[in-house]
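Okay, protein_38.txt is below, compact mmCIF, C-alpha atoms (C1' of nucleotides):
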```txt
# COMPACT_ATOMS: atom_id res chain seq x y z
CA MET A 1 16.53 -18.25 39.40
CA HIS A 2 16.59 -20.10 36.10
CA GLU A 3 19.45 -20.19 33.69
CA ASN A 4 17.22 -19.77 30.68
CA PRO A 5 14.15 -17.79 31.69
CA ARG A 6 11.47 -17.82 29.00
CA PRO A 7 11.24 -14.28 27.60
CA ASP A 8 7.81 -12.66 27.41
CA ARG A 9 8.41 -11.64 23.83
CA THR A 10 10.29 -13.26 21.03
CA ALA A 11 12.21 -11.26 18.47
CA THR A 12 13.40 -13.63 15.81
CA PRO A 13 13.89 -12.05 12.37
CA ILE A 14 10.63 -13.70 11.27
CA GLU A 15 8.67 -12.33 14.19
CA LEU A 16 10.12 -8.89 13.56
CA ILE A 17 9.24 -9.01 9.87
CA GLU A 18 5.69 -10.00 10.74
CA GLN A 19 5.39 -7.09 13.09
CA LEU A 20 6.82 -4.74 10.48
CA ALA A 21 4.12 -6.01 8.13
CA ARG A 22 1.45 -5.13 10.68
CA VAL A 23 3.02 -1.73 11.39
CA ALA A 24 3.31 -0.90 7.69
CA ALA A 25 -0.35 -1.87 7.21
CA ALA A 26 -1.38 0.21 10.22
CA TYR A 27 0.60 3.19 8.98
CA TYR A 28 -1.09 3.10 5.57
CA ARG A 29 -4.51 2.56 7.17
CA HIS A 30 -4.02 5.75 9.19
CA PHE A 31 -2.57 7.63 6.23
CA ALA A 32 -5.33 6.55 3.85
CA ALA A 33 -7.95 7.63 6.40
CA ALA A 34 -6.30 11.04 6.73
CA ALA A 35 -6.16 11.45 2.95
CA ALA A 36 -9.76 10.26 2.55
CA GLY A 37 -10.83 12.95 5.00
CA HIS A 38 -9.82 15.41 2.29
CA GLY A 39 -11.34 13.43 -0.58
CA LEU A 40 -8.01 11.99 -1.70
CA THR A 41 -6.87 8.43 -2.36
CA LEU A 42 -3.78 6.90 -0.78
CA MET A 43 -1.67 7.52 -3.88
CA GLN A 44 -2.89 11.09 -4.26
CA GLY A 45 -2.10 11.82 -0.61
CA LYS A 46 1.28 10.13 -0.92
CA THR A 47 2.07 12.20 -4.00
CA LEU A 48 1.25 15.46 -2.23
CA SER A 49 3.36 14.41 0.76
CA LEU A 50 6.36 13.70 -1.48
CA LEU A 51 6.29 17.18 -3.03
CA THR A 52 8.39 18.86 -0.33
CA ARG A 53 10.07 20.38 -3.38
CA PRO A 54 9.14 20.28 -7.06
CA ARG A 55 9.77 16.90 -8.67
CA SER A 56 9.78 15.73 -12.26
CA MET A 57 7.22 13.15 -13.35
CA ARG A 58 9.89 10.48 -13.42
CA GLY A 59 11.25 11.61 -10.07
CA LEU A 60 7.78 11.14 -8.63
CA ALA A 61 7.49 7.73 -10.26
CA GLY A 62 10.67 6.69 -8.49
CA LEU A 63 9.47 7.97 -5.13
CA LEU A 64 6.08 6.29 -5.63
CA SER A 65 7.72 3.05 -6.84
CA CYS A 66 5.48 2.87 -9.89
CA ASP A 67 5.81 3.25 -13.64
CA ALA A 68 6.05 6.80 -14.96
CA SER A 69 2.92 6.31 -17.07
CA ASN A 70 0.83 6.08 -13.89
CA VAL A 71 2.00 9.44 -12.66
CA THR A 72 0.32 11.20 -15.57
CA GLY A 73 -3.15 10.22 -14.33
CA ILE A 74 -2.40 10.84 -10.67
CA VAL A 75 -1.03 14.31 -11.37
CA ASP A 76 -3.91 14.98 -13.80
CA ARG A 77 -6.42 14.42 -11.01
CA LEU A 78 -4.46 16.49 -8.50
CA GLU A 79 -4.04 19.28 -11.02
CA ALA A 80 -7.78 19.27 -11.84
CA ARG A 81 -8.37 20.00 -8.15
CA ASP A 82 -5.79 22.78 -8.04
CA LEU A 83 -3.55 20.86 -5.62
CA VAL A 84 -0.47 20.76 -7.88
CA LEU A 85 0.69 22.38 -11.10
CA ARG A 86 3.01 21.37 -13.92
CA GLU A 87 5.84 23.81 -14.57
CA PRO A 88 8.09 23.51 -17.63
CA ASP A 89 11.73 22.96 -16.75
CA PRO A 90 13.81 25.87 -18.07
CA SER A 91 16.92 23.79 -18.72
CA ASP A 92 15.28 20.74 -20.39
CA ARG A 93 12.08 21.26 -22.29
CA ARG A 94 11.16 17.59 -22.06
CA VAL A 95 10.85 17.82 -18.27
CA LYS A 96 7.83 19.03 -16.31
CA ASN A 97 8.32 19.94 -12.69
CA ILE A 98 5.35 19.24 -10.44
CA ALA A 99 4.88 21.65 -7.56
CA LEU A 100 2.28 22.07 -4.83
CA THR A 101 -0.11 24.98 -5.18
CA GLU A 102 -0.98 27.00 -2.11
CA HIS A 103 -4.09 24.84 -1.76
CA GLY A 104 -1.88 21.78 -2.05
CA GLU A 105 0.45 23.05 0.67
CA ARG A 106 -2.50 23.69 2.96
CA THR A 107 -4.00 20.26 2.24
CA VAL A 108 -0.77 18.40 2.89
CA ARG A 109 -0.41 20.17 6.23
CA LEU A 110 -3.95 19.18 7.20
CA ILE A 111 -3.38 15.57 6.19
CA ARG A 112 -0.19 15.44 8.22
CA ALA A 113 -1.98 16.92 11.24
CA ASP A 114 -4.81 14.38 10.94
CA LEU A 115 -2.28 11.58 10.60
CA MET A 116 -0.42 12.69 13.70
CA SER A 117 -3.60 12.98 15.71
CA GLY A 118 -4.36 9.38 14.74
CA LEU A 119 -0.95 8.18 15.91
CA THR A 120 -1.22 9.29 19.53
CA ALA A 121 0.82 6.41 20.93
CA LEU A 122 3.72 7.42 18.74
CA GLU A 123 3.63 10.98 19.99
CA GLU A 124 3.58 9.81 23.57
CA LEU A 125 7.00 8.17 23.28
CA THR A 126 9.79 9.95 25.10
CA ALA A 127 12.35 11.80 23.02
CA GLU A 128 14.83 9.11 23.98
CA ASP A 129 12.55 6.32 22.75
CA ARG A 130 11.87 8.17 19.51
CA GLY A 131 15.61 8.53 18.96
CA ALA A 132 16.18 4.86 19.66
CA LEU A 133 13.34 3.83 17.33
CA ARG A 134 14.59 6.07 14.59
CA SER A 135 18.13 4.80 14.93
CA LEU A 136 17.00 1.17 14.80
CA LEU A 137 14.77 1.80 11.78
CA ASP A 138 17.68 3.47 10.02
CA ARG A 139 19.82 0.42 10.59
CA ALA A 140 17.06 -2.01 9.61
CA PHE A 141 16.26 -0.06 6.40
CA PRO A 142 19.47 1.77 5.52
CA GLU A 143 18.10 2.79 2.10
CA THR A 144 15.36 4.90 3.69
CA THR A 145 17.21 7.65 5.51
CA SER A 146 15.81 11.13 4.94
CA ALA A 147 19.16 12.24 3.50
CA ALA A 148 18.98 9.51 0.86
CA TYR A 149 15.49 10.65 -0.14
CA ARG A 150 16.37 14.32 -0.30
CA ALA A 151 19.37 13.61 -2.51
CA LEU A 152 17.37 11.82 -5.20
CA PRO A 153 17.43 13.60 -8.56
CA GLY A 154 14.34 14.76 -10.43
CA MET B 1 32.61 20.67 25.80
CA HIS B 2 29.33 22.34 24.92
CA GLU B 3 26.23 22.41 27.07
CA ASN B 4 23.95 21.73 24.16
CA PRO B 5 25.82 19.74 21.56
CA ARG B 6 23.94 19.52 18.28
CA PRO B 7 22.77 15.91 17.89
CA ASP B 8 23.58 14.13 14.66
CA ARG B 9 19.99 13.02 14.23
CA THR B 10 16.71 14.60 15.14
CA ALA B 11 13.79 12.53 16.36
CA THR B 12 10.79 14.81 16.60
CA PRO B 13 7.43 13.08 16.16
CA ILE B 14 7.23 14.56 12.65
CA GLU B 15 10.66 13.26 11.67
CA LEU B 16 9.77 9.86 13.07
CA ILE B 17 6.48 9.75 11.16
CA GLU B 18 8.29 10.66 7.96
CA GLN B 19 10.76 7.87 8.50
CA LEU B 20 7.95 5.44 9.23
CA ALA B 21 6.41 6.47 5.92
CA ARG B 22 9.65 5.63 4.13
CA VAL B 23 10.04 2.34 6.00
CA ALA B 24 6.44 1.32 5.27
CA ALA B 25 6.99 2.13 1.58
CA ALA B 26 10.25 0.17 1.56
CA TYR B 27 8.61 -2.79 3.26
CA TYR B 28 5.84 -2.95 0.66
CA ARG B 29 8.31 -2.46 -2.18
CA HIS B 30 10.24 -5.52 -0.97
CA PHE B 31 7.06 -7.49 -0.32
CA ALA B 32 5.53 -6.65 -3.71
CA ALA B 33 8.76 -7.70 -5.42
CA ALA B 34 8.73 -11.03 -3.56
CA ALA B 35 5.07 -11.60 -4.48
CA ALA B 36 5.69 -10.58 -8.11
CA GLY B 37 8.43 -13.20 -8.26
CA HIS B 38 5.63 -15.74 -7.96
CA GLY B 39 3.26 -13.98 -10.34
CA LEU B 40 1.18 -12.45 -7.54
CA THR B 41 0.12 -8.89 -6.83
CA LEU B 42 0.68 -7.15 -3.51
CA MET B 43 -2.88 -7.81 -2.34
CA GLN B 44 -2.78 -11.44 -3.44
CA GLY B 45 0.51 -11.97 -1.58
CA LYS B 46 -0.83 -10.17 1.46
CA THR B 47 -3.94 -12.34 1.46
CA LEU B 48 -1.89 -15.54 1.35
CA SER B 49 0.33 -14.28 4.17
CA LEU B 50 -2.71 -13.56 6.35
CA LEU B 51 -4.05 -17.10 6.03
CA THR B 52 -2.03 -18.58 8.89
CA ARG B 53 -5.38 -20.16 9.70
CA PRO B 54 -8.64 -20.25 7.74
CA ARG B 55 -10.46 -16.92 7.72
CA SER B 56 -13.94 -15.93 6.63
CA MET B 57 -14.35 -13.50 3.74
CA ARG B 58 -15.26 -10.74 6.14
CA GLY B 59 -12.41 -11.66 8.46
CA LEU B 60 -10.04 -11.28 5.52
CA ALA B 61 -11.63 -7.95 4.60
CA GLY B 62 -10.89 -6.70 8.11
CA LEU B 63 -7.28 -7.89 7.99
CA LEU B 64 -6.85 -6.35 4.52
CA SER B 65 -8.58 -3.12 5.58
CA CYS B 66 -10.86 -3.15 2.56
CA ASP B 67 -14.52 -3.70 1.83
CA ALA B 68 -15.76 -7.30 1.86
CA SER B 69 -16.90 -6.99 -1.75
CA ASN B 70 -13.28 -6.69 -2.87
CA VAL B 71 -12.30 -9.96 -1.24
CA THR B 72 -14.55 -11.92 -3.58
CA GLY B 73 -12.41 -11.01 -6.59
CA ILE B 74 -9.09 -11.44 -4.81
CA VAL B 75 -10.03 -14.90 -3.52
CA ASP B 76 -11.51 -15.79 -6.94
CA ARG B 77 -8.14 -15.17 -8.57
CA LEU B 78 -6.23 -17.08 -5.87
CA GLU B 79 -8.68 -19.97 -6.05
CA ALA B 80 -8.38 -20.13 -9.85
CA ARG B 81 -4.65 -20.73 -9.33
CA ASP B 82 -5.20 -23.40 -6.69
CA LEU B 83 -3.59 -21.30 -3.95
CA VAL B 84 -6.64 -21.16 -1.65
CA LEU B 85 -10.01 -22.86 -1.39
CA ARG B 86 -13.42 -21.89 0.00
CA GLU B 87 -14.79 -24.24 2.64
CA PRO B 88 -18.37 -23.98 3.89
CA ASP B 89 -18.58 -23.23 7.61
CA PRO B 90 -20.33 -26.12 9.39
CA SER B 91 -21.89 -23.92 12.07
CA ASP B 92 -23.10 -21.03 9.88
CA ARG B 93 -24.02 -21.76 6.33
CA ARG B 94 -23.67 -18.13 5.30
CA VAL B 95 -19.93 -18.21 6.06
CA LYS B 96 -17.15 -19.46 3.78
CA ASN B 97 -13.80 -20.20 5.34
CA ILE B 98 -10.82 -19.53 3.11
CA ALA B 99 -7.84 -21.82 3.61
CA LEU B 100 -4.46 -22.23 1.93
CA THR B 101 -4.03 -25.24 -0.31
CA GLU B 102 -0.76 -27.15 -0.14
CA HIS B 103 0.39 -25.12 -3.12
CA GLY B 104 -0.62 -21.97 -1.25
CA GLU B 105 1.36 -23.02 1.82
CA ARG B 106 4.42 -23.68 -0.30
CA THR B 107 4.06 -20.36 -2.13
CA VAL B 108 3.68 -18.34 1.04
CA ARG B 109 6.84 -19.91 2.44
CA LEU B 110 8.76 -19.06 -0.72
CA ILE B 111 7.51 -15.46 -0.67
CA ARG B 112 8.53 -15.10 2.96
CA ALA B 113 11.99 -16.51 2.21
CA ASP B 114 12.44 -14.11 -0.73
CA LEU B 115 11.28 -11.22 1.43
CA MET B 116 13.76 -12.09 4.16
CA SER B 117 16.62 -12.43 1.72
CA GLY B 118 15.76 -8.91 0.51
CA LEU B 119 15.87 -7.50 4.05
CA THR B 120 19.43 -8.42 4.87
CA ALA B 121 20.08 -5.39 7.05
CA LEU B 122 17.20 -6.42 9.29
CA GLU B 123 18.56 -9.90 9.76
CA GLU B 124 21.97 -8.53 10.65
CA LEU B 125 20.65 -6.78 13.74
CA THR B 126 21.64 -8.36 17.03
CA ALA B 127 18.97 -10.21 18.98
CA GLU B 128 19.08 -7.38 21.48
CA ASP B 129 18.46 -4.76 18.81
CA ARG B 130 15.63 -6.80 17.33
CA GLY B 131 14.03 -7.04 20.76
CA ALA B 132 14.39 -3.31 21.30
CA LEU B 133 12.95 -2.51 17.88
CA ARG B 134 10.06 -4.86 18.42
CA SER B 135 9.30 -3.41 21.82
CA LEU B 136 9.37 0.15 20.51
CA LEU B 137 7.14 -0.72 17.55
CA ASP B 138 4.68 -2.37 19.92
CA ARG B 139 4.50 0.80 21.96
CA ALA B 140 4.25 3.06 18.91
CA PHE B 141 1.48 0.92 17.34
CA PRO B 142 -0.21 -0.83 20.26
CA GLU B 143 -3.05 -2.06 18.03
CA THR B 144 -0.66 -4.18 15.96
CA THR B 145 0.66 -6.77 18.41
CA SER B 146 0.62 -10.31 17.09
CA ALA B 147 -1.68 -11.36 19.95
CA ALA B 148 -4.25 -8.76 18.87
CA TYR B 149 -4.17 -10.09 15.31
CA ARG B 150 -4.46 -13.73 16.31
CA ALA B 151 -7.46 -12.97 18.51
CA LEU B 152 -9.50 -11.40 15.72
CA PRO B 153 -12.69 -13.32 14.90
CA GLY B 154 -13.50 -14.69 11.44
C1' DT C 1 -34.22 -7.65 11.29
C1' DA C 2 -29.33 -8.31 10.86
C1' DT C 3 -25.39 -10.50 8.71
C1' DT C 4 -22.58 -13.12 4.98
C1' DG C 5 -21.10 -13.36 0.62
C1' DT C 6 -21.88 -11.92 -3.99
C1' DT C 7 -22.89 -8.97 -8.03
C1' DA C 8 -23.08 -4.59 -10.66
C1' DT C 9 -21.10 -0.26 -11.26
C1' DA C 10 -17.86 3.39 -11.63
C1' DC C 11 -13.42 4.99 -10.54
C1' DT C 12 -8.49 4.56 -9.45
C1' DC C 13 -4.16 2.26 -9.76
C1' DT C 14 -1.00 -0.71 -12.43
C1' DA C 15 2.45 -2.39 -16.05
C1' DT C 16 3.36 -2.75 -20.94
C1' DA C 17 3.90 -0.97 -25.35
C1' DA C 18 3.87 2.65 -28.63
C1' DC C 19 4.08 7.45 -29.67
C1' DT C 20 6.03 12.80 -29.62
C1' DA C 21 9.12 16.06 -28.55
C1' DT C 22 13.09 16.97 -27.03
C1' DA C 23 18.18 15.96 -25.90
C1' DT D 1 20.23 7.07 -30.06
C1' DA D 2 18.44 7.92 -25.67
C1' DT D 3 15.23 10.12 -22.47
C1' DA D 4 10.76 12.66 -20.58
C1' DG D 5 6.14 12.68 -20.74
C1' DT D 6 1.92 11.00 -22.70
C1' DT D 7 -1.60 7.84 -24.59
C1' DA D 8 -3.93 3.39 -25.25
C1' DT D 9 -4.98 -0.82 -23.35
C1' DA D 10 -6.04 -4.53 -20.28
C1' DG D 11 -6.13 -6.11 -15.78
C1' DA D 12 -6.41 -5.49 -10.76
C1' DG D 13 -7.92 -3.01 -6.57
C1' DT D 14 -11.57 0.14 -4.44
C1' DA D 15 -16.10 1.81 -2.28
C1' DT D 16 -21.04 1.96 -2.77
C1' DA D 17 -25.42 0.03 -3.38
C1' DA D 18 -28.35 -3.77 -4.03
C1' DC D 19 -29.36 -8.70 -3.81
C1' DA D 20 -30.21 -13.85 -2.13
C1' DA D 21 -29.40 -16.99 1.53
C1' DT D 22 -29.10 -17.64 6.24
C1' DA D 23 -29.20 -16.36 11.08
```
Written as structure tokens, that's how I'd like the structure from this file.
Amino acid sequence: MHENPRPDRTATPIELIEQLARVAAAYYRHFAAAAAGHGLTLMQGKTLSLLTRPRSMRGLAGLLSCDASNVTGIVDRLEARDLVLREPDPSDRRVKNIALTEHGERTVRLIRADLMSGLTALEELTAEDRGALRSLLDRAFPETTSAAYRALPG
Amino acid sequence: MHENPRPDRTATPIELIEQLARVAAAYYRHFAAAAAGHGLTLMQGKTLSLLTRPRSMRGLAGLLSCDASNVTGIVDRLEARDLVLREPDPSDRRVKNIALTEHGERTVRLIRADLMSGLTALEELTAEDRGALRSLLDRAFPETTSAAYRALPG
DNA sequence: TATTGTTATACTCTATAACTATA
DNA sequence: TATAGTTATAGAGTATAACAATA
């Protein structure tokens, strides 16, 4: 028995960041494919997925990490396909609240189902492993908890 | 003591996928900021980071998950800034191998350092936690191991 | 015949700056 | 004065189709 057995796998911060890069790329590859299956781009699919409740244009810009001026075009294209609609905000007439239409709701469910069916390995994890993975991701990216996202204004 | 205490955190496959979406978005937000600090776009920074060894145009297209025709423009812009260069392949004159210049090597190191300094929570994990996270990510995305990436042709 | 890289094209995404209508 | 949404603009990323050079 050796004192310092060589581990099969390294896990330096650099190695972990490189794997996160590959996982993030793989996630978006799967997501973009699911969105494309419904004739939508990555950003359009992302926008639909973020509309779990109505959001203002600027709220969407924050969630999409892009300038508010971009959201106009993205929402224009989604609205032209009857996937979302702009509702005037009753308490501030400057604000428009973007909400999913029924067609949008249906589409986002289909995209999510396609995405999940593409991520079979993830679904095959045990509940315990999923909990451990989630907990570790929360600690590695503390700004990305679901509570933090839900609480965002707009 | 209850038989079925309500857990603080759920970890259904759907919840986990939603958190992965947030983590992937956060990763790219950090990466894009690090690349922008050196006047580079996300795709330009990604391309530099993938050039751990010379890659053909089509090899890069595969790693970037985009059509080969896009790589021409991306590499054009990097080459114009002396970050990469095109080398003819000695064994197949159709192929061009893209390699980092010295300036490219330096830039990619700086981007990586900036990225790491933006992901402080990740670096603060214990070695054990990093190993566990890496192992779980490997199992959740088995196509993204570093060995699989290194072995890709081109 | 098939493959590599490129070009042409049209569309989408992107930040910046300026504008309008509200607040 | 400040903010929300939009428009105009220029640049970058994107897929598709077609092309020349090479295999």
The distance between CA of Gln19 (chain B) and CA of Ala147 (chain A) is 10.7 Å
Determine, counting only C-alpha atoms (C1' of nucleotides), every residue of protein, DNA or RNA that lies within 9 Å of (-3.8, -3.8, -23.2) in the file coordinates, then give the result as a PDB file with C-alpha atoms (C1' of nucleotides), in the coordinates of the input.
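Saved the output as selection_21.pdb:
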```
ATOM      1  C1'  DT C  16       3.360  -2.750 -20.940  1.00  0.00           C
ATOM      2  C1'  DA C  17       3.900  -0.970 -25.350  1.00  0.00           C
TER       3       DA C  17
ATOM      4  C1'  DA D   8      -3.930   3.390 -25.250  1.00  0.00           C
ATOM      5  C1'  DT D   9      -4.980  -0.820 -23.350  1.00  0.00           C
ATOM      6  C1'  DA D  10      -6.040  -4.530 -20.280  1.00  0.00           C
ATOM      7  C1'  DG D  11      -6.130  -6.110 -15.780  1.00  0.00           C
TER       8       DG D  11
END
```
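Distance check against Met57 (chain B) using all atoms listed in the file: of B:Gly118, B:Pro13, B:Gly37, B:Gly73, the minimum falls on B:Gly73.
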If you count all atoms listed in the file, which residues fall within 12 Å of region 7-11 of chain C, apart from same-chain ones fewer than 2 positions away, as a ChimeraX atom specification?
-> /A:41,77 /B:69-70,72-73 /C:5,13 /D:13-20
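If you look at CA of Leu110 (chain A) and CA of Ile14 (chain B), they are 13.3 Å away from each other.
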Which residues, written as a list of chain:residue names, have at least one atom at most 12 Å from DT20 (chain C), with only C-alpha atoms (C1' of nucleotides) counted and residues fewer than 6 positions away on the same chain left out?
-> A:Arg94, D:DT3, D:DA4, D:DG5, D:DT6, D:DT7
When you get a sec, could you note down which chain B residues fall within 6 Å of chain A, using only C-alpha atoms, as a PyMOL selection string?
-> chain B and resi 11+13+22+24+121-123+130-131+140+144
Write the selection just made, keeping C-alpha atoms, as a CSV table (one decimal), in the coordinates of the input?
```csv
chain,number,residue,atom,x,y,z
B,11,ALA,CA,13.8,12.5,16.4
B,13,PRO,CA,7.4,13.1,16.2
B,22,ARG,CA,9.6,5.6,4.1
B,24,ALA,CA,6.4,1.3,5.3
B,121,ALA,CA,20.1,-5.4,7.0
B,122,LEU,CA,17.2,-6.4,9.3
B,123,GLU,CA,18.6,-9.9,9.8
B,130,ARG,CA,15.6,-6.8,17.3
B,131,GLY,CA,14.0,-7.0,20.8
B,140,ALA,CA,4.2,3.1,18.9
B,144,THR,CA,-0.7,-4.2,16.0
```
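Comparing A:Asp82, A:Asp76, A:Asp92, A:Glu87 by their smallest distance to chain C, the closest is A:Asp92 (using all atoms listed in the file).
Among the candidates B:Arg150, B:Arg109, B:Arg58, B:Arg81, the one nearest to chain C when counting all atoms listed in the file is B:Arg58.
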Have a look at CA of Ala80 (chain B) and C1' of DA21 (chain D) and let me know their distance in Å, one decimal.
-> 24.1 Å
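If you take all atoms listed in the file and a cut-off of 10 Å, the residues of chain C that reach chain A are DT12, DC13, DT14, DA15, DT16, DA21, DT22 and DA23 of chain C.
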Could you pull region 29-40 of chain B out of the block above and give me N, CA, C and O atoms, as an mmCIF file, in the first residue's frame?
```cif
data_model
loop_
_atom_site.group_PDB
_atom_site.id
_atom_site.type_symbol
_atom_site.label_atom_id
_atom_site.label_comp_id
_atom_site.auth_asym_id
_atom_site.auth_seq_id
_atom_site.Cartn_x
_atom_site.Cartn_y
_atom_site.Cartn_z
ATOM 1 N N ARG B 29 -21.624 33.975 -18.448
ATOM 2 C CA ARG B 29 -21.592 35.395 -18.081
ATOM 3 C C ARG B 29 -20.198 35.752 -17.572
ATOM 4 O O ARG B 29 -19.598 36.749 -17.998
ATOM 5 N N HIS B 30 -19.655 34.910 -16.677
ATOM 6 C CA HIS B 30 -18.300 35.145 -16.166
ATOM 7 C C HIS B 30 -17.272 35.055 -17.291
ATOM 8 O O HIS B 30 -16.362 35.881 -17.386
ATOM 9 N N PHE B 31 -17.429 34.024 -18.137
ATOM 10 C CA PHE B 31 -16.432 33.838 -19.198
ATOM 11 C C PHE B 31 -16.467 34.994 -20.181
ATOM 12 O O PHE B 31 -15.419 35.516 -20.589
ATOM 13 N N ALA B 32 -17.666 35.421 -20.579
ATOM 14 C CA ALA B 32 -17.791 36.525 -21.533
ATOM 15 C C ALA B 32 -17.199 37.797 -20.945
ATOM 16 O O ALA B 32 -16.571 38.578 -21.660
ATOM 17 N N ALA B 33 -17.382 38.009 -19.638
ATOM 18 C CA ALA B 33 -16.813 39.200 -19.005
ATOM 19 C C ALA B 33 -15.290 39.136 -19.043
ATOM 20 O O ALA B 33 -14.620 40.144 -19.320
ATOM 21 N N ALA B 34 -14.730 37.950 -18.777
ATOM 22 C CA ALA B 34 -13.271 37.803 -18.809
ATOM 23 C C ALA B 34 -12.747 38.036 -20.219
ATOM 24 O O ALA B 34 -11.735 38.722 -20.412
ATOM 25 N N ALA B 35 -13.443 37.496 -21.230
ATOM 26 C CA ALA B 35 -13.014 37.693 -22.618
ATOM 27 C C ALA B 35 -13.151 39.168 -23.009
ATOM 28 O O ALA B 35 -12.267 39.737 -23.649
ATOM 29 N N ALA B 36 -14.251 39.800 -22.607
ATOM 30 C CA ALA B 36 -14.476 41.204 -22.950
ATOM 31 C C ALA B 36 -13.385 42.087 -22.353
ATOM 32 O O ALA B 36 -13.020 43.114 -22.936
ATOM 33 N N GLY B 37 -12.851 41.686 -21.203
ATOM 34 C CA GLY B 37 -11.762 42.436 -20.591
ATOM 35 C C GLY B 37 -10.534 42.494 -21.479
ATOM 36 O O GLY B 37 -9.658 43.340 -21.279
ATOM 37 N N HIS B 38 -10.470 41.599 -22.464
ATOM 38 C CA HIS B 38 -9.355 41.627 -23.408
ATOM 39 C C HIS B 38 -9.839 41.941 -24.817
ATOM 40 O O HIS B 38 -9.172 41.611 -25.796
ATOM 41 N N GLY B 39 -11.021 42.568 -24.903
ATOM 42 C CA GLY B 39 -11.535 43.009 -26.189
ATOM 43 C C GLY B 39 -12.018 41.882 -27.072
ATOM 44 O O GLY B 39 -12.095 42.042 -28.298
ATOM 45 N N LEU B 40 -12.361 40.741 -26.464
ATOM 46 C CA LEU B 40 -12.780 39.579 -27.260
ATOM 47 C C LEU B 40 -14.231 39.222 -26.965
ATOM 48 O O LEU B 40 -14.716 39.409 -25.848
#
```
